[in-house]
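I have placed the structure first, in the form of structure tokens, so that the comments after it can refer back to it.
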Amino acid sequence: MSAKRKRPGPASDSLVTEHEKTVHEVIRSKKDMGASQWEMKREINVADNIITKCIKSLLSKNLIKEVKSIQSRGRKHYMSAEFEPSSEITGGAWYVEGSLDTEYINVLKEQCWRKIYGMKVATLEGIADALRRSNVSQIELSKQQVEEIVKALVLDNQVMEVKSTGTGEFASIPVGKVCYKCIGKRGYGGEPKLGALASIPCGVCPQISRCTPDGIISPNTCAYYQKWLDF
Amino acid sequence: MVPQYGIKCAVNLITTHFGDHVAKVCECLLRKGPLTLQATVRFTELTSSQVKNCLLVLIQHNCVQAFVLEQSVEHGDAAKTNTQYIALFDNIIHRWRFTKFLTIVSQNLDKQLIENKKETNFKSGKSKANSKSINQRLTLKQMSDRAKSVQNEGDDVILDAVQEAFIKLLNAHFIERCPASEPVLTNPTKQEVSARKRAAKSAKIFEEQETLEQRVMEAAAPSEALRFLLVAQAEPAADGGKDETNSSIVTPGEKRKYDSLESETEYGAADEQVVLWRANFEEFIRRLRHKACVENVKTRLDDGAVTVLKAMLEATRSTEKKVKTDNSVPLSLNSIYEEVIKSEEGRNITFDRVRAALIQLSCPPLVKAANESYSIDFKKIIELAQNEEVESIVLKRYGRDAYRMFRLLSNSGHLLETDKIADATFVEKKETPKILYKLWKDDYLQMEKLQVTGAKRLSQFLLWKVNKNILREHVLDEMFHAALNLVQRVAFELEQEKEMLNIPRDKLLIRQRKVRLLLESAHMKLDDAIMLFHDF
């Protein structure tokens, strides 16, 4: 009678451990990229609930860890304990917990702008030195990171990239070297001059392609116009 | 190619100024291209007499140019000729710029001159009904007659004033001789076309195809020697009589003829030889272009740099052969300094300051230096101004993240992958495609899909790009659309006011004034941007 009933015994224990081993191997093979449960399922033909059990067990044994991945924010991502997540899944220096550290980036941008403004004309090395000396960032910024911040300021139209002529304000900079200057007469964060089309309702209207002289959307019926002319 | 909303704006202008029939003929020519009288009658479904009159009005107001197209001769046949009519889109749109043109004249010439000019060649703000004075072709005698009809002074005083004004305007190139009434265009032979193509290919230059309109205007235009030439003896005497001592001198210029239309206009019989004059739009657009360059530099650099730029423009303006000149004629530092100190703002500027200003103007490179000479890079200044206009739209319509992305793509000039854009602009990787997609949907970006077969699976990448030429046309069309909306709204507001009976009259007048001022000044500002993309 006892032979008919399956009892949990040494044979069943080694099966769970086998699965754990397989799952761990898959995760370890991904090195610093890690893997999600979905990716593991694709590689090993094991039921979902078993994979989930294995992951729980491996986590409790500190053989694997959970990491945030910017590529799959909705899904949990796992990595073998001996690896550090690569910048491809963390997003790099600018990401924290899988999200862009906007506050940190904005602080750095403003500080960078102020350094350039103070120097009138600045090279990347000059800006990096100035930032380092002022201890703006607790983490030491690499030259590449400083460059990324400065280029973002160029895209914001706060700063322009120029080449040194070696004369006048560029006197101390070798001819041809790339350097940066603050733009125009506005302070940090000032908006560029408003264009002609952008300063009227049509310029900012998301429906302009559907607006016609006699249509349902027309200048005569336009709510934006009404607001604009509402003195 | 004329943008669709550009055509609608033009038709709206003609309707307002000349009525529905003339607008119908004008629209027909704008949409279908050059047509003969018979074809125009067929398409507009108006009578031949109606179409003729409409064409006459349009020609008189420089909105249409007649020309004769000679068909190729083959196998000894006689050349076929037919008169066609081509609508001049630019001249039609200039009709809403008369206030700007008048301002240029007033800033450059004296006040008295302006009073005379207002009554003769240009539209006055008060004399809207006096449509005959708008943008017309007139002889000197006709200008004098009109001045006499509106001013209460003796004939001689008026005539002297008109003559003086006329000469000043001519010397400043604000007026010019009218083009030929029906220039003849021959189609180039097959050999000529192939020879031209071979030459362009071997020179490795891109030869922009001259449009038919450009060919017609070139053929119609008087020679440079005659264009601003006033041969005093040949003009009919201002008092209306003929100058008998010189009646044998043939007026060097145009013989007014409407043979193909059999006109019975007030301009006399077909044989009368008179010189007709009209506003020289090219000069006005050139001045407005220079003004736009100065305004753009003002936002970037200090007063010294602006004064130097203005001086360079003044010194080189008369040497410009066409409006869309890429660079000004090179000037030496000494020449620039001499010009600077002539002006009121530049009187006290030192030589070193001028030199320093030129260095300022080289960063960004708005002025180029070569062999100790300096020339203004018009193309660069206009391009920067156009970029700013488009970027402003992107910023306001789509937000700051989109603005950075757009600038990245616009500056790079080639395709960039989504993640690269996200990294460079500090936008979340998940948010980036949504923003790019919005810009793409509204035709501000181009998109390409790239499929890469990896080790185990197929990956798809999206690549994005700004195509400046296509985008420029798209933005220009949006501007014309917005301009038409402004005009339409002005008309709508006027209609609405008639129904606002419950509002006190004085409040209504105040509101009316504010609304019109806002809409009309917005229209004129938008028109500056239209010129930036279309005329400059």
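Lettering and numbering for the structure tokens are positional, with chains as A, B, ... in the shown order, residues counted from 1 in each chain, and ligands counted from 1 in the shown order.
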Backbone-only DSSP, strand (DSSP E) members of range 6-151 of chain A, as a list in words
Ala35, Ser36, Ile64, Lys65, Glu66, Val67, His77, Tyr78, Met79, Ser80, Tyr95, Val96, Ser99, Leu100, Val121 and Ala122 of chain A
Take the residues from that selection and put them in a file with all heavy atoms, as a compact mmCIF listing (two decimals), in the first residue's frame.
```txt
# COMPACT_ATOMS: atom_id res chain seq x y z
N ALA A 35 18.70 38.52 -17.13
CA ALA A 35 17.59 37.98 -17.93
C ALA A 35 16.29 38.17 -17.18
O ALA A 35 16.26 38.20 -15.94
CB ALA A 35 17.82 36.51 -18.22
N SER A 36 15.22 38.27 -17.94
CA SER A 36 13.89 38.33 -17.33
C SER A 36 13.31 36.92 -17.33
O SER A 36 13.84 36.03 -18.02
CB SER A 36 12.99 39.27 -18.13
OG SER A 36 12.80 38.72 -19.43
N ILE A 64 21.39 34.93 -6.86
CA ILE A 64 21.03 35.92 -7.90
C ILE A 64 20.47 37.16 -7.21
O ILE A 64 20.16 37.13 -6.02
CB ILE A 64 20.00 35.39 -8.93
CG1 ILE A 64 18.65 35.10 -8.25
CG2 ILE A 64 20.53 34.18 -9.68
CD1 ILE A 64 17.52 34.80 -9.23
N LYS A 65 20.37 38.26 -7.97
CA LYS A 65 19.78 39.49 -7.43
C LYS A 65 18.86 40.10 -8.48
O LYS A 65 19.02 39.86 -9.69
CB LYS A 65 20.88 40.49 -7.04
CG LYS A 65 21.82 40.86 -8.18
CD LYS A 65 22.99 41.69 -7.68
CE LYS A 65 23.99 41.92 -8.81
NZ LYS A 65 25.19 42.58 -8.40
N GLU A 66 17.93 40.90 -7.97
CA GLU A 66 17.03 41.60 -8.90
C GLU A 66 17.65 42.95 -9.25
O GLU A 66 18.18 43.64 -8.39
CB GLU A 66 15.67 41.83 -8.20
CG GLU A 66 14.59 42.27 -9.16
CD GLU A 66 13.26 42.51 -8.48
OE1 GLU A 66 12.90 41.75 -7.55
OE2 GLU A 66 12.58 43.47 -8.86
N VAL A 67 17.59 43.30 -10.54
CA VAL A 67 18.13 44.59 -10.99
C VAL A 67 17.07 45.30 -11.83
O VAL A 67 16.21 44.67 -12.43
CB VAL A 67 19.43 44.45 -11.82
CG1 VAL A 67 20.56 43.92 -10.96
CG2 VAL A 67 19.22 43.58 -13.03
N HIS A 77 13.95 41.83 -13.65
CA HIS A 77 15.18 41.41 -14.31
C HIS A 77 16.13 40.84 -13.27
O HIS A 77 16.26 41.39 -12.18
CB HIS A 77 15.80 42.65 -14.98
CG HIS A 77 16.44 42.35 -16.29
ND1 HIS A 77 15.73 42.14 -17.44
CD2 HIS A 77 17.75 42.26 -16.61
CE1 HIS A 77 16.58 41.91 -18.42
NE2 HIS A 77 17.82 41.97 -17.96
N TYR A 78 16.77 39.70 -13.62
CA TYR A 78 17.61 39.04 -12.63
C TYR A 78 19.04 38.85 -13.15
O TYR A 78 19.26 38.65 -14.34
CB TYR A 78 17.01 37.68 -12.25
CG TYR A 78 15.60 37.82 -11.74
CD1 TYR A 78 14.51 37.65 -12.59
CD2 TYR A 78 15.35 38.17 -10.41
CE1 TYR A 78 13.21 37.80 -12.13
CE2 TYR A 78 14.05 38.33 -9.94
CZ TYR A 78 12.99 38.14 -10.81
OH TYR A 78 11.71 38.31 -10.36
N MET A 79 19.97 38.88 -12.19
CA MET A 79 21.38 38.78 -12.58
C MET A 79 22.10 37.90 -11.56
O MET A 79 21.78 37.94 -10.37
CB MET A 79 21.97 40.18 -12.57
CG MET A 79 23.36 40.29 -13.11
SD MET A 79 23.84 41.99 -13.31
CE MET A 79 22.76 42.44 -14.64
N SER A 80 23.08 37.16 -12.03
CA SER A 80 23.88 36.35 -11.11
C SER A 80 24.63 37.29 -10.17
O SER A 80 25.11 38.35 -10.59
CB SER A 80 24.84 35.47 -11.92
OG SER A 80 25.37 34.48 -11.09
N TYR A 95 21.18 57.19 -15.08
CA TYR A 95 19.97 56.49 -14.65
C TYR A 95 20.09 56.03 -13.20
O TYR A 95 21.16 55.62 -12.74
CB TYR A 95 19.71 55.28 -15.55
CG TYR A 95 19.06 55.66 -16.86
CD1 TYR A 95 19.82 56.18 -17.91
CD2 TYR A 95 17.69 55.52 -17.06
CE1 TYR A 95 19.23 56.56 -19.11
CE2 TYR A 95 17.10 55.88 -18.26
CZ TYR A 95 17.88 56.40 -19.27
OH TYR A 95 17.30 56.76 -20.46
N VAL A 96 18.98 56.12 -12.52
CA VAL A 96 18.90 55.63 -11.14
C VAL A 96 17.62 54.81 -11.02
O VAL A 96 16.53 55.30 -11.34
CB VAL A 96 18.87 56.84 -10.15
CG1 VAL A 96 18.18 56.47 -8.86
CG2 VAL A 96 20.26 57.36 -9.90
N SER A 99 15.33 54.74 -13.97
CA SER A 99 14.76 55.99 -14.51
C SER A 99 15.84 57.04 -14.65
O SER A 99 16.82 57.04 -13.89
CB SER A 99 13.69 56.54 -13.56
OG SER A 99 12.57 55.73 -13.57
N LEU A 100 15.64 57.94 -15.57
CA LEU A 100 16.59 59.04 -15.79
C LEU A 100 16.61 59.94 -14.55
O LEU A 100 15.56 60.34 -14.05
CB LEU A 100 16.10 59.83 -17.00
CG LEU A 100 17.10 60.58 -17.86
CD1 LEU A 100 18.23 59.69 -18.33
CD2 LEU A 100 16.38 61.15 -19.07
N VAL A 121 34.50 82.03 -22.74
CA VAL A 121 34.73 80.98 -23.74
C VAL A 121 35.42 79.84 -23.00
O VAL A 121 36.39 80.08 -22.28
CB VAL A 121 35.66 81.47 -24.87
CG1 VAL A 121 35.86 80.36 -25.90
CG2 VAL A 121 35.09 82.69 -25.54
N ALA A 122 34.94 78.62 -23.18
CA ALA A 122 35.50 77.51 -22.41
C ALA A 122 35.68 76.27 -23.26
O ALA A 122 34.85 75.98 -24.12
CB ALA A 122 34.57 77.18 -21.24
```
Interface list for chain B, partner chain A, 8 Å threshold, only C-alpha atoms, as number ranges by chain
B: 299-301, 356, 359, 363-364, 388-390, 392-393, 396-397, 403-405, 407-408, 424-429, 478-479, 482, 485-486, 488-489, 492, 511, 515, 522, 525-526, 528-529
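A straight line drawn from CA of Glu43 in chain A to CA of Ala81 in chain A is 20.1 Å long.
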Within 6 Å of range 57-72 of chain B using only C-alpha atoms, minus same-chain residues under 5 positions, as a PyMOL selection string:
chain B and resi 79-88+91-92+135-137+182-186
Dump N, CA and C atoms for the selected residues as an mmCIF file, in the first residue's frame?
```cif
data_model
loop_
_atom_site.group_PDB
_atom_site.id
_atom_site.type_symbol
_atom_site.label_atom_id
_atom_site.label_comp_id
_atom_site.auth_asym_id
_atom_site.auth_seq_id
_atom_site.Cartn_x
_atom_site.Cartn_y
_atom_site.Cartn_z
ATOM 1 N N ALA B 79 6.643 78.949 -87.765
ATOM 2 C CA ALA B 79 6.591 78.835 -86.297
ATOM 3 C C ALA B 79 5.195 79.191 -85.807
ATOM 4 N N LYS B 80 4.709 78.371 -84.861
ATOM 5 C CA LYS B 80 3.387 78.671 -84.297
ATOM 6 C C LYS B 80 3.579 79.562 -83.085
ATOM 7 N N THR B 81 2.745 80.566 -82.989
ATOM 8 C CA THR B 81 2.839 81.420 -81.803
ATOM 9 C C THR B 81 1.461 81.540 -81.194
ATOM 10 N N ASN B 82 1.425 81.639 -79.915
ATOM 11 C CA ASN B 82 0.164 81.929 -79.247
ATOM 12 C C ASN B 82 0.473 82.718 -77.990
ATOM 13 N N THR B 83 -0.467 83.579 -77.649
ATOM 14 C CA THR B 83 -0.264 84.398 -76.457
ATOM 15 C C THR B 83 -0.804 83.648 -75.251
ATOM 16 N N GLN B 84 0.027 83.551 -74.236
ATOM 17 C CA GLN B 84 -0.414 82.907 -73.000
ATOM 18 C C GLN B 84 -0.279 83.891 -71.849
ATOM 19 N N TYR B 85 -0.919 83.542 -70.772
ATOM 20 C CA TYR B 85 -0.908 84.407 -69.588
ATOM 21 C C TYR B 85 -0.452 83.593 -68.383
ATOM 22 N N ILE B 86 0.488 84.180 -67.673
ATOM 23 C CA ILE B 86 1.019 83.472 -66.498
ATOM 24 C C ILE B 86 0.781 84.327 -65.254
ATOM 25 N N ALA B 87 0.267 83.700 -64.220
ATOM 26 C CA ALA B 87 0.020 84.445 -62.973
ATOM 27 C C ALA B 87 1.350 84.629 -62.236
ATOM 28 N N LEU B 88 1.524 85.813 -61.658
ATOM 29 C CA LEU B 88 2.769 86.108 -60.928
ATOM 30 C C LEU B 88 2.466 86.073 -59.434
ATOM 31 N N ASN B 91 4.035 88.682 -56.996
ATOM 32 C CA ASN B 91 3.498 90.046 -57.105
ATOM 33 C C ASN B 91 2.119 90.160 -56.464
ATOM 34 N N ILE B 92 1.354 89.091 -56.528
ATOM 35 C CA ILE B 92 0.032 89.116 -55.904
ATOM 36 C C ILE B 92 0.204 89.234 -54.387
ATOM 37 N N ASN B 135 -0.388 99.573 -56.838
ATOM 38 C CA ASN B 135 0.455 98.668 -57.604
ATOM 39 C C ASN B 135 0.192 98.745 -59.102
ATOM 40 N N GLN B 136 0.051 99.921 -59.627
ATOM 41 C CA GLN B 136 -0.313 100.002 -61.039
ATOM 42 C C GLN B 136 0.865 100.374 -61.903
ATOM 43 N N ARG B 137 0.581 100.324 -63.182
ATOM 44 C CA ARG B 137 1.544 100.782 -64.182
ATOM 45 C C ARG B 137 1.057 102.146 -64.638
ATOM 46 N N GLU B 182 4.346 91.709 -74.165
ATOM 47 C CA GLU B 182 4.251 90.322 -74.651
ATOM 48 C C GLU B 182 5.587 89.844 -75.202
ATOM 49 N N PRO B 183 6.513 89.518 -74.346
ATOM 50 C CA PRO B 183 7.812 89.041 -74.841
ATOM 51 C C PRO B 183 7.632 87.702 -75.537
ATOM 52 N N VAL B 184 8.546 87.415 -76.444
ATOM 53 C CA VAL B 184 8.470 86.147 -77.185
ATOM 54 C C VAL B 184 9.468 85.173 -76.574
ATOM 55 N N LEU B 185 8.971 83.980 -76.310
ATOM 56 C CA LEU B 185 9.826 82.929 -75.763
ATOM 57 C C LEU B 185 9.922 81.822 -76.797
ATOM 58 N N THR B 186 11.145 81.406 -77.060
ATOM 59 C CA THR B 186 11.260 80.257 -77.961
ATOM 60 C C THR B 186 11.639 79.054 -77.127
#
```
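What separates CA of Cys112 in chain A from CA of Leu358 in chain B is a distance of 28.4 Å.
Note that CA of Lys310 in chain B and CA of Ala172 in chain B are 17.2 Å apart.
Compared by their closest atoms to Ala93 in chain A, and using only C-alpha atoms, the residues A:Asp32, A:Val159, A:Gln145, A:Lys41 rank with A:Gln145 nearest.
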Extract the full set of helix (DSSP H, G or I) residues from range 17-184 of chain A according to DSSP on the backbone, and format it as an MDAnalysis selection string.
chainID A and resid 17:29 31:33 37:43 48:60 87:90 102:119 124:133 143:155 168:170
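Contact shell of Lys324 in chain B at 12 Å (only C-alpha atoms; same-chain neighbours under 3 positions omitted): Glu282, Glu283, Ile285, Arg286, Arg287, Leu288, Arg289, His290, Glu320, Lys321, Asn327, Ser328, Asp377, Phe378, Lys379, Lys380, Ile382, Met531, Leu532, Phe533, His534, Asp535 and Phe536 of chain B.
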